[in-house]
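Chemist: Dropping in start-v4.txt, which is compact mmCIF, C-alpha atoms:
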# COMPACT_ATOMS: atom_id res chain seq x y z
CA MET I 1235 109.39 131.92 151.10
CA ILE I 1236 109.57 132.63 154.84
CA TRP I 1237 106.12 134.17 154.59
CA PHE I 1238 104.86 131.05 152.83
CA LEU I 1239 106.39 128.69 155.41
CA LYS I 1240 104.96 130.76 158.27
CA LYS I 1241 101.56 130.76 156.64
CA THR I 1242 101.77 127.03 155.97
CA LYS I 1243 102.89 126.33 159.54
CA LYS I 1244 99.93 128.35 160.69
CA SER I 1245 97.72 126.33 158.40
CA ILE I 1246 99.09 123.08 159.83
CA ASN I 1247 98.49 124.33 163.29
CA ASN I 1248 95.00 125.17 162.17
CA ARG I 1249 94.84 121.54 160.93
CA PHE I 1250 94.21 122.65 157.33
CA GLY I 1251 95.94 120.84 154.43
CA PHE I 1252 95.61 117.66 152.42
CA THR I 1253 93.98 114.64 153.91
CA LEU I 1254 94.98 111.13 152.83
CA ALA I 1255 91.72 110.76 150.93
CA GLU I 1256 92.36 113.97 148.97
CA LEU I 1257 95.84 112.80 148.07
CA ILE I 1258 94.58 109.40 146.95
CA ILE I 1259 91.85 110.99 144.82
CA SER I 1260 94.29 113.43 143.18
CA VAL I 1261 96.84 110.70 142.49
CA GLY I 1262 94.11 108.45 141.09
CA THR I 1263 92.77 111.24 138.87
CA LEU I 1264 96.25 111.99 137.53
CA ALA I 1265 96.86 108.31 136.87
CA ILE I 1266 93.57 107.93 134.96
CA VAL I 1267 94.25 111.07 132.90
CA GLY I 1268 97.77 109.81 132.18
CA ILE I 1269 96.56 106.39 131.06
CA LEU I 1270 93.88 107.93 128.81
CA THR I 1271 96.43 110.28 127.24
CA ILE I 1272 98.88 107.46 126.56
CA GLN I 1273 96.06 105.31 125.14
CA PHE I 1274 95.05 108.16 122.83
CA PHE I 1275 98.55 108.39 121.39
CA LEU I 1276 98.90 104.62 121.11
CA SER I 1277 95.63 104.56 119.15
CA ALA I 1278 96.87 107.38 116.89
CA LYS I 1279 100.08 105.45 116.20
CA ASP I 1280 98.13 102.26 115.54
CA ILE I 1281 95.83 104.06 113.07
CA ASN I 1282 98.90 105.53 111.35
CA ILE I 1283 100.45 102.09 110.92
CA ARG I 1284 97.15 100.69 109.58
CA SER I 1285 96.80 103.61 107.17
CA SER I 1286 100.34 103.19 105.85
CA GLU I 1287 99.87 99.43 105.42
CA LEU I 1288 96.55 99.95 103.64
CA ASP I 1289 98.28 102.33 101.19
CA HIS I 1290 100.99 99.80 100.46
CA SER I 1291 98.41 97.05 100.07
CA VAL I 1292 96.35 99.04 97.56
CA TYR I 1293 99.38 99.97 95.45
CA LEU I 1294 100.80 96.46 95.67
CA THR I 1295 97.48 95.03 94.48
CA ASN I 1296 97.45 97.45 91.55
CA THR I 1297 101.06 96.59 90.75
CA ILE I 1298 100.27 92.85 90.74
CA ILE I 1299 97.23 93.29 88.47
CA GLU I 1300 99.08 95.62 86.09
CA SER I 1301 102.12 93.28 86.02
CA ILE I 1302 99.89 90.35 85.06
CA LYS I 1303 98.28 92.52 82.36
CA ALA I 1304 101.75 93.39 81.06
CA ASP I 1305 102.73 89.73 81.13
CA LEU I 1306 105.74 90.44 83.32
CA TRP I 1307 105.93 87.13 85.15
CA ASP I 1308 109.71 87.30 85.39
CA ARG I 1309 109.80 90.74 87.08
CA TYR I 1310 108.96 92.14 90.51
CA PRO I 1311 106.60 91.28 92.15
CA LEU I 1312 105.39 88.26 90.14
CA ASP I 1313 108.84 86.65 90.08
CA ALA I 1314 108.59 86.30 93.85
CA ILE I 1315 105.66 83.92 93.73
CA SER I 1316 106.81 80.80 95.43
CA PRO I 1317 106.96 78.01 92.75
CA ASN I 1318 105.72 75.33 95.11
CA SER I 1319 102.52 77.27 95.76
CA ILE I 1320 101.40 77.40 92.14
CA GLU I 1321 98.70 75.16 90.79
CA THR I 1322 97.80 75.27 87.12
CA ASN I 1323 94.83 73.07 86.72
CA ASN I 1324 91.90 73.78 84.47
CA GLN I 1325 93.08 77.36 83.80
CA SER I 1326 93.29 78.29 87.42
CA PHE I 1327 96.22 79.77 89.20
CA GLU I 1328 96.99 80.24 92.85
CA GLY I 1329 100.08 81.98 94.13
CA TYR I 1330 101.40 83.67 97.25
CA ILE I 1331 103.98 86.37 97.77
CA PHE I 1332 105.40 87.22 101.20
CA PHE I 1333 106.75 90.55 102.43
CA ASN I 1334 108.55 91.74 105.55
CA LYS I 1335 107.61 94.83 107.56
CA ASP I 1336 109.37 97.11 105.05
CA TRP I 1337 107.42 95.51 102.18
CA GLN I 1338 110.55 93.81 100.91
CA ILE I 1339 109.97 90.40 99.38
CA THR I 1340 110.74 87.46 101.61
CA SER I 1341 109.82 83.79 101.91
CA ALA I 1342 106.99 82.06 103.74
CA THR I 1343 109.47 80.41 106.08
CA ASP I 1344 111.10 83.71 107.08
CA PRO I 1345 110.06 84.54 110.67
CA ARG I 1346 110.13 88.24 109.69
CA ALA I 1347 107.44 87.70 107.06
CA LEU I 1348 104.58 90.05 107.96
CA PHE I 1349 102.35 90.34 104.89
CA GLU I 1350 100.95 87.78 102.48
CA ALA I 1351 99.57 88.55 99.04
CA ALA I 1352 97.29 85.77 97.79
CA ILE I 1353 96.59 85.78 94.03
CA PHE I 1354 93.83 83.68 92.47
CA LEU I 1355 93.16 83.50 88.74
CA SER I 1356 90.30 81.59 87.22
CA GLY I 1357 89.79 81.34 83.45
CA GLN I 1358 86.40 81.99 81.85
CA ALA I 1359 84.98 79.93 79.00
CA ASN I 1360 85.15 82.76 76.43
CA GLU I 1361 88.70 82.08 75.34
CA LEU I 1362 89.62 83.92 72.15
CA GLY I 1363 92.76 82.96 70.26
CA ASP I 1364 95.65 82.92 72.68
CA ARG I 1365 93.94 85.22 75.14
CA THR I 1366 91.46 84.42 77.90
CA LEU I 1367 89.28 86.42 80.24
CA TYR I 1368 90.22 85.65 83.82
CA ASP I 1369 88.58 86.37 87.12
CA ILE I 1370 91.32 87.67 89.35
CA SER I 1371 91.13 87.93 93.09
CA ILE I 1372 93.86 89.42 95.26
CA GLU I 1373 93.92 89.51 99.02
CA ILE I 1374 96.62 91.19 101.11
CA LYS I 1375 96.75 89.83 104.61
CA ARG I 1376 98.80 90.69 107.69
CA ILE I 1377 100.20 87.45 109.07
CA LYS I 1378 100.63 88.80 112.59
CA PRO I 1379 97.95 90.74 114.50
CA TYR I 1380 98.11 94.43 115.27
CA PHE I 1381 99.26 95.50 118.72
CA ARG I 1382 95.70 96.45 119.67
CA GLY I 1383 93.86 94.35 117.10
CA ASN I 1384 91.30 91.60 117.60
CA GLU I 1385 91.95 89.57 114.44
CA SER I 1386 94.87 87.18 114.33
CA GLN I 1387 95.43 87.68 110.57
CA PRO I 1388 93.64 90.87 109.49
CA VAL I 1389 92.90 91.32 105.79
CA LEU I 1390 94.32 94.69 104.74
CA TYR I 1391 92.85 94.86 101.27
CA ALA I 1392 91.02 92.55 98.90
CA THR I 1393 89.78 93.06 95.37
CA ASP I 1394 88.11 91.08 92.59
CA THR I 1395 88.19 92.04 88.95
CA LYS I 1396 88.51 90.61 85.45
CA ILE I 1397 91.52 90.77 83.18
CA TYR I 1398 91.93 89.76 79.57
CA ILE I 1399 95.40 88.31 79.20
CA GLU I 1400 97.40 85.72 77.37
CA THR I 1401 96.15 82.26 78.26
CA LEU I 1402 98.20 80.84 81.11
CA LYS I 1403 100.67 78.13 80.23
CA GLU I 1404 103.07 76.27 82.42
CA ASP I 1405 106.08 78.04 80.92
CA LEU I 1406 104.51 81.47 81.50
CA LEU I 1407 104.64 80.95 85.21
CA PRO I 1408 107.73 81.60 87.26
CA MET Q 1095 106.92 120.15 158.97
CA ILE Q 1096 108.06 116.78 157.56
CA GLU Q 1097 104.50 116.16 156.38
CA LEU Q 1098 104.53 119.47 154.53
CA VAL Q 1099 107.86 118.69 152.85
CA LEU Q 1100 106.62 115.23 151.85
CA VAL Q 1101 103.43 116.64 150.37
CA MET Q 1102 105.40 119.32 148.53
CA PHE Q 1103 107.81 116.67 147.24
CA LEU Q 1104 104.91 114.55 146.09
CA LEU Q 1105 103.33 117.50 144.27
CA ILE Q 1106 106.63 118.41 142.62
CA LEU Q 1107 107.03 114.78 141.57
CA PHE Q 1108 103.59 114.80 139.99
CA SER Q 1109 104.25 118.14 138.32
CA VAL Q 1110 107.44 116.78 136.77
CA ALA Q 1111 105.65 113.58 135.72
CA THR Q 1112 102.78 115.55 134.18
CA LEU Q 1113 105.19 117.89 132.41
CA SER Q 1114 107.16 114.99 130.93
CA LEU Q 1115 103.89 113.35 129.89
CA VAL Q 1116 102.79 116.53 128.13
CA ILE Q 1117 106.19 116.96 126.40
CA GLY Q 1118 106.28 113.29 125.38
CA SER Q 1119 102.71 113.44 124.14
CA SER Q 1120 103.25 116.59 122.10
CA ASN Q 1121 106.35 115.06 120.47
CA ALA Q 1122 104.42 111.88 119.71
CA TYR Q 1123 101.57 113.94 118.29
CA ARG Q 1124 103.97 115.96 116.11
CA ASP Q 1125 105.56 112.75 114.82
CA THR Q 1126 102.15 111.27 114.10
CA ILE Q 1127 101.08 114.35 112.15
CA LYS Q 1128 104.33 114.35 110.14
CA LYS Q 1129 103.94 110.66 109.38
CA ASN Q 1130 100.33 111.26 108.33
CA ASP Q 1131 101.45 114.07 106.02
CA THR Q 1132 104.11 111.81 104.53
CA ILE Q 1133 101.63 109.01 103.86
CA SER Q 1134 99.19 111.50 102.38
CA ASN Q 1135 101.82 113.13 100.13
CA LEU Q 1136 103.02 109.76 98.85
CA ARG Q 1137 99.45 108.71 98.15
CA ILE Q 1138 98.72 111.99 96.33
CA SER Q 1139 101.85 111.72 94.18
CA GLN Q 1140 101.07 108.13 93.20
CA ALA Q 1141 97.42 108.92 92.43
CA TYR Q 1142 98.48 111.98 90.44
CA ILE Q 1143 100.89 110.05 88.21
CA HIS Q 1144 98.38 107.21 87.79
CA THR Q 1145 95.71 109.68 86.67
CA LYS Q 1146 98.04 111.54 84.31
CA ILE Q 1147 99.12 108.32 82.62
CA ARG Q 1148 95.59 106.92 82.44
CA GLN Q 1149 94.44 110.12 80.70
CA ASN Q 1150 96.91 109.46 77.87
CA LEU Q 1151 97.28 105.71 77.86
CA GLU Q 1152 98.10 105.25 74.18
CA VAL Q 1153 100.84 103.57 72.20
CA ASP Q 1154 104.09 105.58 72.38
CA ALA Q 1155 102.50 108.32 74.48
CA ILE Q 1156 104.54 107.54 77.60
CA SER Q 1157 108.31 107.89 77.56
CA LEU Q 1158 111.25 108.77 79.76
CA ARG Q 1159 113.74 111.50 78.98
CA ASP Q 1160 116.98 112.64 80.60
CA PHE Q 1161 117.64 116.30 81.22
CA GLU Q 1162 120.96 117.89 81.93
CA GLY Q 1163 121.69 118.51 85.59
CA VAL Q 1164 118.94 116.27 86.89
CA GLU Q 1165 119.73 112.86 88.29
CA ASN Q 1166 116.65 110.79 87.49
CA ALA Q 1167 114.81 110.61 84.19
CA PHE Q 1168 111.66 112.67 83.70
CA LEU Q 1169 108.33 111.25 82.70
CA VAL Q 1170 107.07 112.64 79.41
CA ILE Q 1171 103.43 112.17 78.48
CA LYS Q 1172 102.45 113.08 74.95
CA ASP Q 1173 98.98 114.50 74.42
CA ASN Q 1174 97.76 113.67 70.92
CA HIS Q 1175 94.19 114.88 71.36
CA SER Q 1176 94.76 118.60 70.79
CA PRO Q 1177 95.47 120.17 67.38
CA VAL Q 1178 98.89 121.10 68.78
CA ALA Q 1179 100.89 118.24 70.28
CA TYR Q 1180 101.64 118.95 73.91
CA GLU Q 1181 103.97 117.20 76.28
CA THR Q 1182 103.43 116.96 80.01
CA ILE Q 1183 106.68 116.60 81.88
CA ILE Q 1184 106.67 115.25 85.42
CA PHE Q 1185 109.73 115.39 87.62
CA VAL Q 1186 111.02 116.20 91.12
CA LYS Q 1187 112.95 119.35 91.90
CA ASP Q 1188 113.63 121.25 95.15
CA GLY Q 1189 111.60 118.84 97.25
CA TYR Q 1190 108.46 118.98 95.12
CA LEU Q 1191 106.86 116.85 92.44
CA ARG Q 1192 106.46 119.30 89.57
CA GLU Q 1193 104.63 119.38 86.28
CA ALA Q 1194 105.39 121.36 83.15
CA LEU Q 1195 103.39 121.61 79.96
CA ILE Q 1196 105.26 122.37 76.74
CA ILE Q 1197 104.59 122.25 73.03
CA GLU Q 1198 106.29 119.20 71.56
CA GLY Q 1199 109.76 119.97 70.29
CA PHE Q 1200 110.09 123.25 72.21
CA GLU Q 1201 112.91 123.81 74.67
CA PHE Q 1202 112.06 122.87 78.22
CA ASP Q 1203 112.99 125.10 81.14
CA LEU Q 1204 113.06 123.51 84.62
CA ASP Q 1205 111.76 126.70 86.22
CA SER Q 1206 108.69 126.94 84.04
CA SER Q 1207 106.82 124.31 86.01
CA PHE Q 1208 104.44 124.29 88.94
CA PRO Q 1209 104.66 122.27 92.17
CA VAL Q 1210 102.14 119.51 92.76
CA VAL Q 1211 103.05 117.91 96.08
CA GLU Q 1212 105.99 117.65 98.45
CA LEU Q 1213 108.30 114.81 97.37
CA ASP Q 1214 112.02 114.10 97.75
CA GLU Q 1215 112.65 111.65 94.95
CA ILE Q 1216 110.94 109.89 92.08
CA TYR Q 1217 112.31 107.05 90.03
CA PHE Q 1218 110.68 105.97 86.79
CA GLU Q 1219 111.55 102.77 84.95
CA LEU Q 1220 110.14 101.50 81.68
CA ILE Q 1221 110.10 97.72 81.82
CA ASP Q 1222 110.49 96.08 78.39
CA GLN Q 1223 108.18 98.81 76.97
CA LYS Q 1224 105.38 96.80 78.56
CA GLY Q 1225 104.92 98.76 81.73
CA LEU Q 1226 106.03 101.79 83.72
CA SER Q 1227 107.19 101.44 87.30
CA PHE Q 1228 107.47 104.54 89.48
CA GLU Q 1229 108.74 104.80 93.03
CA THR Q 1230 108.05 107.94 95.05
CA THR Q 1231 110.12 108.68 98.14
CA LEU Q 1232 109.74 111.15 100.97
CA ASN Q 1233 112.03 111.48 104.00
CA THR Q 1234 110.45 112.22 107.36
CA ASN Q 1235 112.07 112.28 110.80
CA GLY Q 1236 115.20 110.73 109.32
CA SER Q 1237 113.36 107.75 107.89
CA GLU Q 1238 112.77 107.10 104.20
CA ASN Q 1239 109.21 106.33 103.15
CA SER Q 1240 108.37 105.16 99.68
CA LEU Q 1241 105.50 103.82 97.59
CA THR Q 1242 105.82 101.96 94.30
CA GLY Q 1243 103.28 102.00 91.51
CA PHE Q 1244 103.10 100.21 88.19
CA ILE Q 1245 101.00 100.64 85.06
CA ALA Q 1246 100.81 98.28 82.09
CA LEU Q 1247 101.36 100.21 78.84
CA PRO Q 1248 99.50 99.49 75.58
CA LEU Q 1249 101.50 97.59 72.97
CA ASN Q 1250 101.63 98.15 69.24
The structure given in the file should be rewritten as structure tokens.

Modeler:
Amino acid sequence: MIWFLKKTKKSINNRFGFTLAELIISVGTLAIVGILTIQFFLSAKDINIRSSELDHSVYLTNTIIESIKADLWDRYPLDAISPNSIETNNQSFEGYIFFNKDWQITSATDPRALFEAAIFLSGQANELGDRTLYDISIEIKRIKPYFRGNESQPVLYATDTKIYIETLKEDLLP
Amino acid sequence: MIELVLVMFLLILFSVATLSLVIGSSNAYRDTIKKNDTISNLRISQAYIHTKIRQNLEVDAISLRDFEGVENAFLVIKDNHSPVAYETIIFVKDGYLREALIIEGFEFDLDSSFPVVELDEIYFELIDQKGLSFETTLNTNGSENSLTGFIALPLN
């Protein structure tokens, strides 16, 4: 230590050491590296959240389609379709289900509502007996934007398919 | 001398800041990896059960059965395609989703199964014999993560 101090003192006397410019450059470099590192981890966390939400969206969409196929309008998640958002006109159906951040069902008026599942059913002409072929379209949307996202309401997952189910009647709906 | 001490202090300060940044970053990275693994395992378990059921989606082929010493019911999938009727049993034990294949009617041993993917809990529910709901759960970093799937079953 004494040797180091003596050597350093000698260095100071020799006017060697850090100049202000060197200090500013090193501090600036460290700051930039620090910001980039933090940004990298924030991006990783953001991607993780998006990935998890995409998984939930895909499985929720499947659950909705399979529940409609099984005619389980009085069970989760179809029972959560808000009654005032249903329109049954000319064999078409439109319904919305809202979820909070933990994918628990909530209402549209809940400030904690974070996801919206929009369900559209449209009947085809080839009705057979009491069953009809429907075009079904499901879109899972995030109501609030991501921390680093550009879209105000990003669509997490959307799918269109056809299902052959019992013809929709008013009393079938929740 | 004061200049030297100040510069040293500044360097030590930056060293400490850099060290804490590195420690914080590595912890965050570890958490991210664990979370990724959890998401992946949940996705694999759901896809696995979906595929297994889809392969045998016939009337009365899917059922639930209780076994002694195990909390949740097991999923039993009957395979009617082979000359000998087989049953595939899917359940969770010792932190893994496991599968066992037995001849129908034979005694089932919990240990004669193979692990599929890491999983803490699975809960099957047959809804009015119209559909099968299954919730897979995995705990990571003290938080519980789960995914729910549902399949409509064929009716008579």

Chemist: For CA of Glu1328 in chain I and CA of Glu1385 in chain I, quote the distance in Å rounded to one decimal.

Modeler: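 Separating CA of Glu1328 in chain I from CA of Glu1385 in chain I is a distance of 24.1 Å.
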
Chemist: Contacts of range 1161-1178 of chain Q at 10 Å or less, counting all atoms listed in the file, minus same-chain residues fewer than 3 places along, as a PyMOL selection string?

Modeler: chain Q and resi 1143+1146-1147+1149-1152+1154-1158+1181-1187+1193-1198+1202-1204+1215-1220+1226+1228

Chemist: Please report as a Markdown table every residue of chain I lying within 9 Å of chain Q, along with the nearest atom pair and their distance in Å (one decimal), using all atoms listed in the file.

Modeler:
| residue | atom | partner | partner_atom | distance |
| --- | --- | --- | --- | --- |
| I:Thr1242 | CA | Q:Leu1098 | CA | 8.2 |
| I:Lys1243 | CA | Q:Met1095 | CA | 7.4 |
| I:Ile1246 | CA | Q:Met1095 | CA | 8.4 |
| I:Gly1251 | CA | Q:Leu1098 | CA | 8.7 |
| I:Phe1252 | CA | Q:Val1101 | CA | 8.1 |
| I:Leu1257 | CA | Q:Val1101 | CA | 8.8 |
| I:Val1261 | CA | Q:Phe1108 | CA | 8.3 |
| I:Leu1264 | CA | Q:Thr1112 | CA | 8.2 |
| I:Gly1268 | CA | Q:Leu1115 | CA | 7.4 |
| I:Thr1271 | CA | Q:Ser1119 | CA | 7.7 |
| I:Ile1272 | CA | Q:Ser1119 | CA | 7.5 |
| I:Phe1275 | CA | Q:Ala1122 | CA | 7.0 |
| I:Ala1278 | CA | Q:Thr1126 | CA | 7.1 |
| I:Lys1279 | CA | Q:Thr1126 | CA | 6.5 |
| I:Asn1282 | CA | Q:Asn1130 | CA | 6.6 |
| I:Ser1285 | CA | Q:Ile1133 | CA | 8.0 |
| I:Ser1286 | CA | Q:Ile1133 | CA | 6.3 |
| I:Asp1289 | CA | Q:Arg1137 | CA | 7.2 |
| I:His1290 | CA | Q:Leu1241 | CA | 6.7 |
| I:Tyr1293 | CA | Q:Gly1243 | CA | 5.9 |
| I:Leu1294 | CA | Q:Gly1243 | CA | 7.4 |
| I:Asn1296 | CA | Q:Phe1244 | CA | 7.1 |
| I:Thr1297 | CA | Q:Phe1244 | CA | 4.9 |
| I:Ile1298 | CA | Q:Phe1244 | CA | 8.3 |
| I:Ile1299 | CA | Q:Ala1246 | CA | 8.9 |
| I:Glu1300 | CA | Q:Ala1246 | CA | 5.1 |
| I:Ser1301 | CA | Q:Ala1246 | CA | 6.5 |
| I:Ile1302 | CA | Q:Ala1246 | CA | 8.5 |
| I:Lys1303 | CA | Q:Ala1246 | CA | 6.3 |
| I:Ala1304 | CA | Q:Ala1246 | CA | 5.1 |
| I:Asp1305 | CA | Q:Lys1224 | CA | 8.0 |
| I:Leu1306 | CA | Q:Lys1224 | CA | 8.0 |
| I:Arg1309 | CA | Q:Ile1221 | CA | 8.7 |

Chemist: If you measure from CA of Thr1230 in chain Q to CA of Phe1349 in chain I, what distance in Å do you get, rounded to one decimal?

Modeler: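 Between CA of Thr1230 in chain Q and CA of Phe1349 in chain I the gap is 21.0 Å.
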
Chemist: Expressed in Å to a single decimal, how great is the separation between CA of Ala1352 in chain I and CA of Ser1139 in chain Q?

Modeler: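 Separating CA of Ala1352 in chain I from CA of Ser1139 in chain Q is a distance of 26.6 Å.
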